[in-house]
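Coordinates as given in query.cif (mmCIF, C-alpha atoms):
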```cif
data_final
loop_
_atom_site.label_atom_id
_atom_site.label_comp_id
_atom_site.auth_asym_id
_atom_site.auth_seq_id
_atom_site.Cartn_x
_atom_site.Cartn_y
_atom_site.Cartn_z
CA MET A 1 44.25 34.54 -57.54
CA GLN A 2 45.21 32.98 -54.34
CA VAL A 3 44.07 29.44 -53.88
CA LEU A 4 42.60 28.94 -50.47
CA ASN A 5 44.57 26.56 -48.44
CA PRO A 6 42.41 23.47 -47.93
CA THR A 7 43.71 22.81 -44.46
CA TRP A 8 42.84 26.36 -43.48
CA ILE A 9 39.25 25.81 -44.69
CA GLY A 10 39.18 22.53 -42.83
CA LYS A 11 40.25 24.19 -39.62
CA THR A 12 37.72 27.02 -39.82
CA CYS A 13 34.96 24.60 -40.61
CA LEU A 14 36.03 22.50 -37.69
CA LEU A 15 36.00 25.55 -35.47
CA ILE A 16 32.53 26.51 -36.62
CA THR A 17 31.21 23.01 -36.13
CA LEU A 18 32.81 22.86 -32.71
CA VAL A 19 31.19 26.09 -31.68
CA THR A 20 27.73 25.51 -33.12
CA ASP A 21 27.37 21.77 -33.06
CA THR A 22 28.93 20.91 -29.75
CA MET A 23 25.57 20.11 -28.31
CA LEU A 24 24.54 18.02 -31.29
CA ARG A 25 27.82 16.18 -31.22
CA ASN A 26 27.54 15.46 -27.56
CA LEU A 27 24.06 14.11 -28.17
CA VAL A 28 25.37 11.79 -30.87
CA ARG A 29 28.25 10.74 -28.68
CA LEU A 30 25.83 10.03 -25.85
CA HIS A 31 23.61 7.92 -28.05
CA SER A 32 26.55 5.86 -29.23
CA ARG A 33 27.70 5.44 -25.68
CA VAL A 34 24.28 4.23 -24.63
CA GLY A 35 24.52 1.60 -27.33
CA HIS A 36 27.40 -0.16 -25.64
CA ALA A 37 26.91 0.97 -22.07
CA LEU A 38 27.61 -1.76 -19.59
CA SER A 39 25.15 -0.96 -16.87
CA PRO A 40 22.78 1.91 -17.37
CA PRO A 41 20.52 1.17 -14.45
CA ILE A 42 18.92 4.40 -13.45
CA VAL A 43 18.10 7.57 -15.28
CA TYR A 44 17.72 11.00 -13.73
CA PRO A 45 14.28 11.72 -15.09
CA ARG A 46 13.93 14.92 -13.16
CA SER A 47 16.40 16.63 -15.50
CA GLN A 48 14.06 18.39 -17.83
CA ALA A 49 14.85 18.86 -21.52
CA LEU A 50 16.03 22.42 -20.88
CA LYS A 51 18.73 21.18 -18.54
CA LEU A 52 19.98 18.62 -21.06
CA PRO A 53 22.66 20.76 -22.76
CA LEU A 54 24.14 21.84 -19.42
CA THR A 55 24.69 18.33 -18.16
CA LEU A 56 25.97 17.19 -21.54
CA LEU A 57 28.56 19.92 -21.71
CA SER A 58 29.96 18.88 -18.36
CA VAL A 59 32.85 16.48 -18.34
CA ASN A 60 31.25 13.43 -16.77
CA SER A 61 28.23 13.03 -18.98
CA LYS A 62 28.48 9.28 -18.68
CA TYR A 63 26.17 9.48 -15.67
CA TYR A 64 23.29 10.59 -17.80
CA SER A 65 21.44 7.75 -19.46
CA ILE A 66 18.48 7.94 -21.78
CA ILE A 67 17.18 4.50 -20.78
CA THR A 68 13.78 4.84 -19.18
CA GLU A 69 12.68 1.23 -18.99
CA ARG A 70 14.34 -2.12 -18.56
CA LYS A 71 13.26 -5.65 -18.02
CA LYS A 72 13.01 -6.78 -14.45
CA PHE A 73 16.09 -8.82 -13.65
CA TYR A 74 15.49 -9.76 -10.04
CA LYS A 75 12.83 -11.40 -7.91
CA ASP A 76 13.40 -10.34 -4.33
CA VAL A 77 14.36 -7.06 -2.80
CA SER A 78 15.82 -6.96 0.68
CA ILE A 79 17.69 -4.63 2.97
CA SER A 80 20.93 -5.27 4.75
CA HIS A 81 22.89 -3.37 7.33
CA GLY A 82 26.13 -2.15 5.81
CA GLU A 83 29.51 -2.49 7.45
CA ALA A 84 30.55 1.14 7.52
CA GLY A 85 28.73 3.63 9.71
CA GLY A 86 25.34 1.96 10.05
CA MET A 87 24.30 2.60 6.47
CA PHE A 88 21.67 0.45 4.85
CA GLU A 89 22.12 -1.29 1.54
CA ILE A 90 19.59 -2.74 -0.85
CA ASN A 91 19.97 -6.22 -2.30
CA LEU A 92 18.31 -7.28 -5.49
CA ASP A 93 18.46 -11.08 -5.47
CA GLN A 94 21.71 -11.23 -3.47
CA ARG A 95 23.39 -8.58 -5.60
CA LYS A 96 23.99 -5.20 -4.04
CA MET A 97 22.34 -2.26 -5.71
CA LYS A 98 24.56 0.42 -7.16
CA THR A 99 23.98 4.03 -8.16
CA PRO A 100 24.28 5.03 -11.82
CA GLY A 101 27.65 6.51 -10.93
CA GLY A 102 28.88 3.08 -9.92
CA LYS A 103 28.97 3.68 -6.19
CA LEU A 104 27.41 1.29 -3.75
CA PHE A 105 23.91 2.45 -2.87
CA THR A 106 23.71 3.37 0.81
CA ALA A 107 20.86 4.95 2.70
CA PRO A 108 21.49 6.67 6.02
CA ASN A 109 18.47 5.18 7.77
CA GLU A 110 16.11 2.26 7.62
CA ALA A 111 13.01 4.20 6.67
CA LEU A 112 14.59 5.60 3.51
CA ALA A 113 16.00 2.19 2.60
CA ILE A 114 12.58 0.59 2.98
CA ALA A 115 10.95 3.28 0.87
CA VAL A 116 13.47 2.69 -1.93
CA ALA A 117 13.21 -1.10 -1.61
CA ASN A 118 9.45 -0.82 -1.85
CA GLU A 119 9.76 1.17 -5.06
CA TRP A 120 11.86 -1.59 -6.60
CA ASP A 121 9.46 -4.17 -5.26
CA THR A 122 6.54 -2.38 -6.92
CA GLN A 123 7.91 -2.92 -10.39
CA LYS A 124 6.44 -5.73 -12.47
CA ASP A 125 8.03 -7.17 -15.63
CA THR A 126 9.53 -3.87 -16.73
CA LEU A 127 11.32 -1.41 -14.51
CA LYS A 128 9.90 2.05 -14.94
CA PHE A 129 12.62 4.34 -13.69
CA TYR A 130 10.51 7.44 -14.08
CA SER A 131 8.17 6.23 -11.36
CA MET A 132 10.91 5.59 -8.81
CA HIS A 133 11.22 9.02 -7.27
CA MET A 134 12.83 8.11 -3.97
CA THR A 135 15.50 6.09 -5.77
CA THR A 136 16.20 9.03 -8.07
CA LEU A 137 16.61 11.39 -5.15
CA CYS A 138 18.94 9.04 -3.28
CA ASN A 139 21.05 8.52 -6.38
CA THR A 140 21.34 12.24 -6.95
CA ALA A 141 22.37 12.83 -3.35
CA LEU A 142 24.94 10.02 -3.48
CA ASP A 143 26.43 10.77 -6.90
CA ASN A 144 26.01 14.52 -7.11
CA PRO A 145 26.36 14.36 -10.90
CA THR A 146 26.37 18.11 -11.36
CA PHE A 147 29.08 18.49 -8.69
CA ARG A 148 27.25 21.15 -6.73
CA SER A 149 28.22 22.20 -3.24
CA LYS A 150 25.60 22.81 -0.59
CA ASP A 151 25.97 26.58 -1.00
CA GLN A 152 25.29 26.37 -4.69
CA ILE A 153 22.15 24.36 -4.03
CA ILE A 154 20.99 26.92 -1.47
CA THR A 155 21.58 29.77 -3.94
CA ALA A 156 19.66 27.89 -6.62
CA ALA A 157 16.80 27.24 -4.20
CA LEU A 158 16.58 30.84 -3.02
CA LYS A 159 16.50 32.08 -6.60
CA TYR A 160 12.95 30.79 -6.75
CA LEU A 161 11.94 33.26 -4.08
CA GLU A 162 12.20 36.20 -6.44
CA THR A 163 9.60 34.63 -8.71
CA ASP A 164 7.67 32.75 -6.10
CA THR A 165 4.25 31.53 -7.22
CA ILE A 166 2.57 32.75 -4.06
CA CYS A 167 3.83 36.26 -4.57
CA TYR A 168 2.71 36.64 -8.16
CA ARG A 169 -0.86 37.89 -8.16
CA VAL A 170 -3.18 38.74 -11.00
CA GLU A 171 -5.39 41.77 -11.25
CA GLU A 172 -8.27 40.21 -13.11
CA PRO A 173 -10.61 38.19 -13.27
CA PRO A 174 -11.92 39.20 -9.84
CA THR A 175 -12.87 35.67 -8.85
CA LEU A 176 -9.30 34.52 -9.38
CA VAL A 177 -7.97 37.51 -7.46
CA GLU A 178 -10.25 36.64 -4.57
CA LEU A 179 -9.27 32.98 -4.73
CA GLN A 180 -5.59 33.86 -4.66
CA ASN A 181 -6.07 36.17 -1.71
CA ASN A 182 -8.09 33.64 0.25
CA GLU A 183 -5.79 30.71 -0.38
CA TRP A 184 -2.35 32.23 -0.64
CA ASP A 185 -2.45 35.03 1.93
CA PRO A 186 -2.71 32.69 4.98
CA VAL A 187 0.40 30.78 3.88
CA LEU A 188 2.28 34.00 3.23
CA ASN A 189 1.30 35.34 6.66
CA TRP A 190 2.31 32.07 8.27
CA ILE A 191 5.80 32.12 6.78
CA GLU A 192 6.30 35.77 7.56
CA ASP A 193 5.42 35.10 11.18
CA ARG A 194 7.35 31.89 11.50
CA TYR A 195 10.61 33.20 10.10
CA ASN A 196 10.16 36.86 11.00
CA VAL A 197 10.70 38.05 7.45
CA VAL A 198 9.05 40.36 4.97
CA ILE A 199 8.07 38.94 1.60
CA GLY A 200 4.87 40.53 0.39
CA SER A 201 3.00 39.89 -2.82
CA SER A 202 2.82 41.95 -5.96
CA THR A 203 0.84 42.29 -9.19
CA ASN A 204 3.85 43.79 -10.88
CA ILE A 205 5.38 41.89 -13.79
CA LEU A 206 8.76 42.01 -12.09
CA GLY A 207 7.45 40.44 -8.93
CA PRO A 208 7.95 41.35 -5.32
CA GLU A 209 11.00 43.14 -3.99
CA ILE A 210 12.60 40.72 -1.57
CA PRO A 211 14.73 42.59 0.99
CA GLN A 212 18.24 41.33 1.61
CA ALA A 213 17.46 40.62 5.28
CA THR A 214 14.84 38.09 4.21
CA MET A 215 17.29 36.35 1.89
CA ASP A 216 19.89 36.26 4.66
CA THR A 217 17.45 34.76 7.15
CA PHE A 218 16.44 32.05 4.72
CA ARG A 219 20.01 31.35 3.70
CA GLN A 220 21.00 30.92 7.32
CA HIS A 221 18.04 28.64 7.94
CA LEU A 222 18.78 26.53 4.89
CA GLY A 223 22.38 26.27 5.98
CA SER A 224 21.25 24.21 8.93
CA TYR A 225 20.07 21.37 6.69
CA ASN A 226 22.53 18.68 5.71
CA PHE A 227 23.43 17.95 2.09
CA TRP A 228 20.85 15.21 1.60
CA SER A 229 18.01 17.26 3.04
CA MET A 230 19.09 20.22 0.94
CA THR A 231 18.97 18.11 -2.22
CA GLY A 232 15.44 17.05 -1.35
CA LEU A 233 14.36 20.54 -0.40
CA GLU A 234 15.65 22.07 -3.62
CA TYR A 235 13.79 19.36 -5.49
CA VAL A 236 10.53 20.23 -3.74
CA ILE A 237 11.04 23.92 -4.44
CA THR A 238 11.66 23.19 -8.10
CA GLN A 239 8.55 21.04 -8.36
CA LEU A 240 6.22 23.44 -6.58
CA LYS A 241 7.86 26.50 -8.15
CA SER A 242 7.62 28.21 -4.80
CA VAL A 243 9.92 28.60 -1.82
CA VAL A 244 7.05 29.61 0.48
CA LEU A 245 5.00 26.51 -0.29
CA ALA A 246 8.02 24.25 0.02
CA PHE A 247 8.80 25.63 3.46
CA ALA A 248 5.18 25.27 4.53
CA LEU A 249 5.25 21.65 3.43
CA ILE A 250 8.60 20.79 4.98
CA ASP A 251 7.64 22.45 8.25
CA LYS A 252 4.56 20.26 8.23
CA HIS A 253 2.18 23.18 8.17
CA ILE A 254 0.31 21.88 5.09
CA THR A 255 -0.08 18.45 3.51
CA VAL A 256 1.31 17.41 0.14
CA GLU A 257 -2.12 17.57 -1.53
CA GLN A 258 -2.71 21.06 -0.20
CA ALA A 259 0.73 22.24 -1.32
CA VAL A 260 0.14 20.89 -4.82
CA LEU A 261 -3.30 22.46 -4.96
CA LEU A 262 -1.95 25.84 -3.93
CA SER A 263 0.85 25.56 -6.45
CA ARG A 264 -1.62 24.82 -9.21
CA LEU A 265 -4.23 27.27 -8.02
CA GLU A 266 -4.73 29.11 -11.27
CA GLU A 267 -4.78 25.87 -13.22
CA GLU A 268 -7.46 24.49 -10.93
CA PHE A 269 -9.39 27.70 -11.39
CA GLN A 270 -9.26 27.34 -15.16
CA ILE A 271 -10.19 23.65 -14.92
CA GLY A 272 -13.20 24.63 -12.88
CA HIS A 273 -14.19 27.06 -15.59
CA TRP A 274 -13.30 25.25 -18.80
CA GLY A 275 -13.32 21.62 -17.75
CA ASN A 276 -10.78 18.96 -16.96
CA VAL A 277 -8.65 17.16 -19.54
CA GLU A 278 -7.71 13.83 -18.07
CA TRP A 279 -4.69 13.07 -20.20
CA ALA A 280 -3.09 16.42 -19.41
CA HIS A 281 -4.40 17.83 -16.13
CA ASP A 282 -4.75 14.64 -14.19
CA VAL A 283 -1.44 13.22 -15.39
CA ASP A 284 0.29 16.45 -14.37
CA LEU A 285 -1.49 16.50 -11.03
CA TYR A 286 -0.60 12.96 -10.04
CA GLU A 287 2.96 13.30 -11.23
CA LEU A 288 3.42 16.52 -9.30
CA ARG A 289 1.91 14.96 -6.21
CA ALA A 290 4.15 11.91 -6.48
CA ARG A 291 7.29 13.97 -6.93
CA THR A 292 6.47 16.44 -4.17
CA ALA A 293 5.51 13.67 -1.77
CA ALA A 294 8.78 11.87 -2.54
CA GLY A 295 10.73 15.08 -1.98
CA ALA A 296 8.99 15.86 1.30
CA LEU A 297 9.48 12.33 2.56
CA PHE A 298 13.13 12.39 1.52
CA VAL A 299 13.75 15.58 3.48
CA HIS A 300 11.91 14.18 6.48
CA PHE A 301 13.95 10.99 6.52
CA SER A 302 17.25 12.73 5.88
CA SER A 303 16.91 15.28 8.64
CA GLU A 304 15.30 13.22 11.36
CA SER A 305 16.86 10.79 13.70
CA SER A 306 14.69 9.05 16.17
CA THR A 307 15.41 7.25 19.35
CA VAL A 308 12.97 5.37 21.47
CA LYS A 309 13.12 6.04 25.15
CA ARG A 310 11.18 3.68 27.26
CA LYS A 311 9.73 5.05 30.43
CA LEU A 312 9.37 2.56 33.18
CA MET A 313 5.94 2.26 34.68
CA GLN A 314 6.12 3.34 38.26
CA ASP A 315 3.57 1.93 40.63
CA MET B 1 -4.47 24.83 7.71
CA ALA B 2 -6.89 21.91 7.88
CA SER B 3 -5.88 19.17 10.26
CA LEU B 4 -4.69 15.83 8.96
CA SER B 5 -6.93 12.83 8.86
CA SER B 6 -6.76 10.29 11.63
CA PRO B 7 -3.82 7.91 11.97
CA LEU B 8 -6.11 4.95 11.56
CA ARG B 9 -7.30 6.08 8.16
CA ILE B 10 -3.77 6.79 6.98
CA CYS B 11 -2.51 3.45 8.24
CA ARG B 12 -5.34 1.61 6.54
CA GLY B 13 -4.72 3.57 3.36
CA ILE B 14 -1.03 2.69 3.26
CA LEU B 15 -1.69 -0.98 3.92
CA ARG B 16 -4.34 -1.02 1.24
CA GLU B 17 -1.85 0.45 -1.25
CA ILE B 18 0.75 -2.14 -0.30
CA ARG B 19 -1.83 -4.87 -0.81
CA ALA B 20 -2.70 -3.43 -4.22
CA ILE B 21 0.96 -3.53 -5.20
CA LYS B 22 2.00 -6.87 -3.84
CA GLY B 23 -1.02 -9.09 -4.15
CA PRO B 24 -1.60 -12.13 -1.92
CA GLU B 25 1.67 -12.17 0.02
CA TYR B 26 1.54 -8.58 1.10
CA LYS B 27 1.92 -9.45 4.77
CA GLN B 28 5.49 -10.65 4.29
CA CYS B 29 6.83 -7.57 2.63
CA LEU B 30 9.22 -5.19 4.37
CA ALA B 31 7.16 -2.09 4.05
CA TYR B 32 4.10 -3.69 5.62
CA ASN B 33 5.91 -4.72 8.78
CA TYR B 34 7.79 -1.48 9.04
CA VAL B 35 4.70 0.68 8.66
CA LEU B 36 2.73 -1.30 11.24
CA ASP B 37 5.70 -1.16 13.57
CA GLN B 38 6.00 2.60 13.28
CA PHE B 39 2.33 3.19 13.83
CA ARG B 40 2.35 1.03 16.94
CA LYS B 41 5.46 2.70 18.34
CA ASN B 42 4.14 6.19 17.90
CA GLN B 43 0.80 5.41 19.42
CA ILE B 44 1.94 5.57 23.00
CA THR B 45 3.23 8.87 24.18
CA GLY B 46 3.42 10.50 27.56
CA GLU B 47 2.77 14.03 26.39
CA ARG B 48 -0.48 15.62 25.40
CA TYR B 49 0.97 17.22 22.30
CA CYS B 50 3.79 15.14 21.02
CA ARG B 51 5.74 16.78 18.23
CA ALA B 52 7.30 13.53 17.14
CA GLN B 53 3.87 12.01 16.82
CA GLU B 54 2.65 14.92 14.66
CA GLU B 55 5.71 14.66 12.47
CA ALA B 56 5.32 10.92 12.07
CA LEU B 57 1.69 11.49 11.13
CA HIS B 58 2.66 14.04 8.50
CA ALA B 59 5.33 11.69 7.12
CA SER B 60 2.86 8.81 6.92
CA HIS B 61 0.37 11.06 5.15
CA SER B 62 3.08 12.03 2.64
CA TYR B 63 3.93 8.36 2.10
CA LEU B 64 0.28 7.54 1.48
CA CYS B 65 0.15 10.41 -1.01
CA LEU B 66 3.29 9.09 -2.71
CA LEU B 67 1.90 5.57 -3.07
CA THR B 68 -1.55 6.61 -4.31
CA SER B 69 -0.32 9.23 -6.72
CA THR B 70 2.36 6.96 -8.26
CA ARG B 71 -0.27 4.30 -8.77
CA GLN B 72 -2.73 6.74 -10.33
CA HIS B 73 -0.03 8.34 -12.46
CA MET B 74 1.10 4.95 -13.78
CA ALA B 75 -2.48 3.99 -14.55
CA LEU B 76 -3.01 7.12 -16.62
CA TYR B 77 0.42 6.75 -18.19
CA ASP B 78 -0.41 3.26 -19.40
CA ILE B 79 -3.62 4.51 -20.97
CA TYR B 80 -2.52 7.75 -22.52
CA HIS B 81 1.23 7.80 -23.01
CA GLY B 82 2.54 7.31 -26.51
CA LYS B 83 3.95 3.89 -27.18
CA GLY B 84 6.94 5.22 -29.04
CA GLN B 85 7.92 4.51 -32.58
CA ARG B 86 7.94 1.05 -33.97
CA ASP B 87 11.13 -0.10 -35.56
CA THR B 88 11.35 -0.12 -39.37
CA GLU B 89 11.04 -3.88 -39.80
CA GLU B 90 7.80 -3.94 -37.85
CA MET B 91 6.45 -0.95 -39.68
CA ALA B 92 7.10 -2.53 -43.06
CA GLY B 93 5.52 -5.72 -41.82
CA ILE B 94 2.27 -3.93 -41.04
CA VAL B 95 1.64 -3.19 -44.70
CA GLY B 96 2.96 -6.58 -45.78
CA LEU B 97 6.34 -5.46 -47.06
CA ARG B 98 9.82 -6.55 -46.07
CA LEU B 99 12.97 -4.53 -45.81
CA PRO B 100 15.49 -5.09 -48.61
CA THR B 101 18.57 -7.11 -47.72
CA GLN B 102 21.92 -6.80 -49.35
CA PRO B 103 23.91 -9.97 -48.73
CA GLY B 104 27.27 -8.35 -49.27
CA GLY B 105 26.51 -5.62 -46.78
CA LYS B 106 25.97 -2.01 -47.72
CA GLY B 107 28.89 -0.20 -49.29
CA TRP B 108 29.82 1.84 -46.26
CA GLU B 109 29.45 -0.95 -43.71
CA LYS B 110 32.42 -3.02 -42.69
#
```

Translate the structure of the given file into structure tokens.
Amino acid sequence: MQVLNPTWIGKTCLLITLVTDTMLRNLVRLHSRVGHALSPPIVYPRSQALKLPLTLLSVNSKYYSIITERKKFYKDVSISHGEAGGMFEINLDQRKMKTPGGKLFTAPNEALAIAVANEWDTQKDTLKFYSMHMTTLCNTALDNPTFRSKDQIITAALKYLETDTICYRVEEPPTLVELQNNEWDPVLNWIEDRYNVVIGSSTNILGPEIPQATMDTFRQHLGSYNFWSMTGLEYVITQLKSVVLAFALIDKHITVEQAVLLSRLEEEFQIGHWGNVEWAHDVDLYELRARTAAGALFVHFSSESSTVKRKLMQD
Amino acid sequence: MASLSSPLRICRGILREIRAIKGPEYKQCLAYNYVLDQFRKNQITGERYCRAQEEALHASHSYLCLLTSTRQHMALYDIYHGKGQRDTEEMAGIVGLRLPTQPGGKGWEK
């Protein structure tokens, strides 16, 4: 009888554990790293649990920190004009703020810097990173922890069009059908007119058939946004689960509250029928509003540049 | 869709939120001065329909939404969110027990 070579067993076991437990191991490694991490300032709370394995399997998982709260270590927040290229920096008690990736935090304009500074100013005693949406967005744009190019972000954003909320209709109950038609059809018509595309809605389980011309038009339009705006826009699309609603919001056709309401239309319908559960529905609603508002504001600030021209009074 | 509310209401709303956050010295904070500044600048415009004005109004409405919804979300979070697990020492202490100590350290610890 042949005795199995112990090293051979060891190697196969190792192989199996590598293949099946890579994720678990990475989790353990991450936890141990968090234990002696030097500066884990900001978390990326928008990465949902489903995305966790993907970011962990990437090489630079040191960016991802599980810390969600920290004691407040500063008193004053202020803004300063950076040296290079008119960027704005944030100072917490004379120390310059850094991104989780270690880079110096820079905002391209004053409005964005003030919004972020205000978020840090809002914190009392403990820093709640999950409430600082503008900071999160800026950090993601600066660090790009998943190393995506603008084209990849555009592709990811347009993927939501195939399963767009607005295009998925129900067939029954009739009140919900009517509600969907009354609320969603105007937005759909607006975007079809504005961008000269065909989207259409469907009650089919597979969703609407989006023609290639539509995708091309949108891709070309999205290509005109810069990287920061594209980060924000993809964030809004992900939150609202709808490309149509995100465009309507970014083009300032609807307000944030309206966009959130339209995104949650069926939920609101069910709440109206069965009642509201504060600790679930309201929490979700306010969180969605906060995130969408932050995203919309981020896109607005990243893509706008304003100059003041003074007209002389002529008498 | 429905038109936005008036600039005055939005401005007041934002300033009210800032006051709720900061407390007594809200007039010195950055955001307060910036917001007032922006509202004043965008007030005067030569055109009848000024796109920049509309966009600024939309942005201010979004900012108001951001401030109110973060505040409301945090309020609900504080009430309803789980406090997390207590650590084992505390948990034992609740029922009046203490964790065992081994002066020489456990066998596998250095």

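Applied to the file shown here, the PyMOL selection byres ((chain B) within 6 of (chain A)) selects Ile21, Ser62, Leu66, Ser69, Thr70 and His73 of chain B.
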
Grab the residues selected above and save them as a PDB file, keeping the file's coordinate frame with C-alpha atoms.
```pdb
ATOM      1  CA  ILE B  21       0.960  -3.530  -5.200  1.00  0.00           C
ATOM      2  CA  SER B  62       3.080  12.030   2.640  1.00  0.00           C
ATOM      3  CA  LEU B  66       3.290   9.090  -2.710  1.00  0.00           C
ATOM      4  CA  SER B  69      -0.320   9.230  -6.720  1.00  0.00           C
ATOM      5  CA  THR B  70       2.360   6.960  -8.260  1.00  0.00           C
ATOM      6  CA  HIS B  73      -0.030   8.340 -12.460  1.00  0.00           C
TER       7      HIS B  73
END
```

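If you look at CA of Leu64 (chain B) and CA of Gly13 (chain B), they are 6.7 Å away from each other.
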
* To do: Convert the output of the PyMOL selection byres ((chain A and resi 88-90) around 9) on the shown file into explicit residues, formatted as a PyMOL selection string.
  => chain A and resi 77-83+86-87+91-92+95-98+104-110+112-114+116-117

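Pairwise distance (CA of Gly207 (chain A), CA of Arg169 (chain A)) equals 8.7 Å.
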
* For the file shown, report as a PyMOL selection string the outcome of the PyMOL selection byres ((chain A and resi 218) around 10) at residue level. => chain A and resi 154+158+161+195+197+212-217+219-223+243

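Excluding Ala56 (chain B) itself and same-chain residues fewer than 5 positions from it, the residues having an atom within 9 Å of it are Gln38, Phe39, Asn42, Arg51 and His61 of chain B, counting all atoms listed in the file.
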
* To do: Enter the distance from CA of Ser6 (chain B) to CA of Arg71 (chain B), in Å, rounded to one decimal.
  => 22.2 Å

* **Residue with smallest distance to Val177 (chain A) - pool A:Gly272, A:Cys138, A:Leu265, A:Thr155, counting all atoms listed in the file** => A:Leu265

Taking all atoms of region 60-68 of chain B that the file lists, what box with edges along x, y and z, padded by 4 Å per side, do you get, with centre and edge lengths in Å to one decimal, as JSON?
```
{"center_x": 1.2, "center_y": 8.8, "center_z": 1.3, "size_x": 13.5, "size_y": 14.5, "size_z": 19.2}
```

* To do: Would you mind listing what lies within 12 Å of Cys11 (chain B) as a PyMOL selection string, with all atoms listed in the file counted and same-chain residues fewer than 3 positions away left out?
  => chain B and resi 5-8+14-18+31-40+43+56-65

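Distances here use only C-alpha atoms; by that measure, the residue among A:Asn182, A:Tyr74, A:Val244, A:Thr231 closest to Ile199 (chain A) is A:Val244.
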
Written record: region 62-75 of chain B, N, CA and C atoms, as a compact mmCIF listing (two decimals), in the first residue's frame:
```txt
# COMPACT_ATOMS: atom_id res chain seq x y z
N SER B 62 -30.91 71.27 -3.58
CA SER B 62 -30.27 69.98 -3.30
C SER B 62 -29.49 70.05 -2.00
N TYR B 63 -28.81 71.18 -1.76
CA TYR B 63 -28.02 71.29 -0.52
C TYR B 63 -28.93 71.28 0.69
N LEU B 64 -30.07 71.97 0.58
CA LEU B 64 -31.03 71.97 1.68
C LEU B 64 -31.52 70.56 1.95
N CYS B 65 -31.79 69.82 0.85
CA CYS B 65 -32.24 68.43 0.98
C CYS B 65 -31.17 67.60 1.66
N LEU B 66 -29.90 67.83 1.27
CA LEU B 66 -28.79 67.08 1.87
C LEU B 66 -28.72 67.32 3.38
N LEU B 67 -28.79 68.60 3.78
CA LEU B 67 -28.67 68.92 5.20
C LEU B 67 -29.83 68.35 6.01
N THR B 68 -31.06 68.56 5.51
CA THR B 68 -32.21 68.07 6.28
C THR B 68 -32.22 66.56 6.34
N SER B 69 -31.96 65.90 5.21
CA SER B 69 -32.07 64.44 5.26
C SER B 69 -30.95 63.81 6.06
N THR B 70 -29.73 64.39 6.07
CA THR B 70 -28.68 63.82 6.93
C THR B 70 -29.08 63.96 8.38
N ARG B 71 -29.63 65.14 8.73
CA ARG B 71 -30.03 65.35 10.12
C ARG B 71 -31.11 64.36 10.52
N GLN B 72 -32.12 64.20 9.66
CA GLN B 72 -33.22 63.28 9.99
C GLN B 72 -32.73 61.84 10.05
N HIS B 73 -31.85 61.49 9.09
CA HIS B 73 -31.32 60.13 9.08
C HIS B 73 -30.56 59.84 10.36
N MET B 74 -29.70 60.79 10.79
CA MET B 74 -28.92 60.59 12.00
C MET B 74 -29.81 60.48 13.22
N ALA B 75 -30.89 61.27 13.23
CA ALA B 75 -31.81 61.22 14.36
C ALA B 75 -32.43 59.83 14.48
```
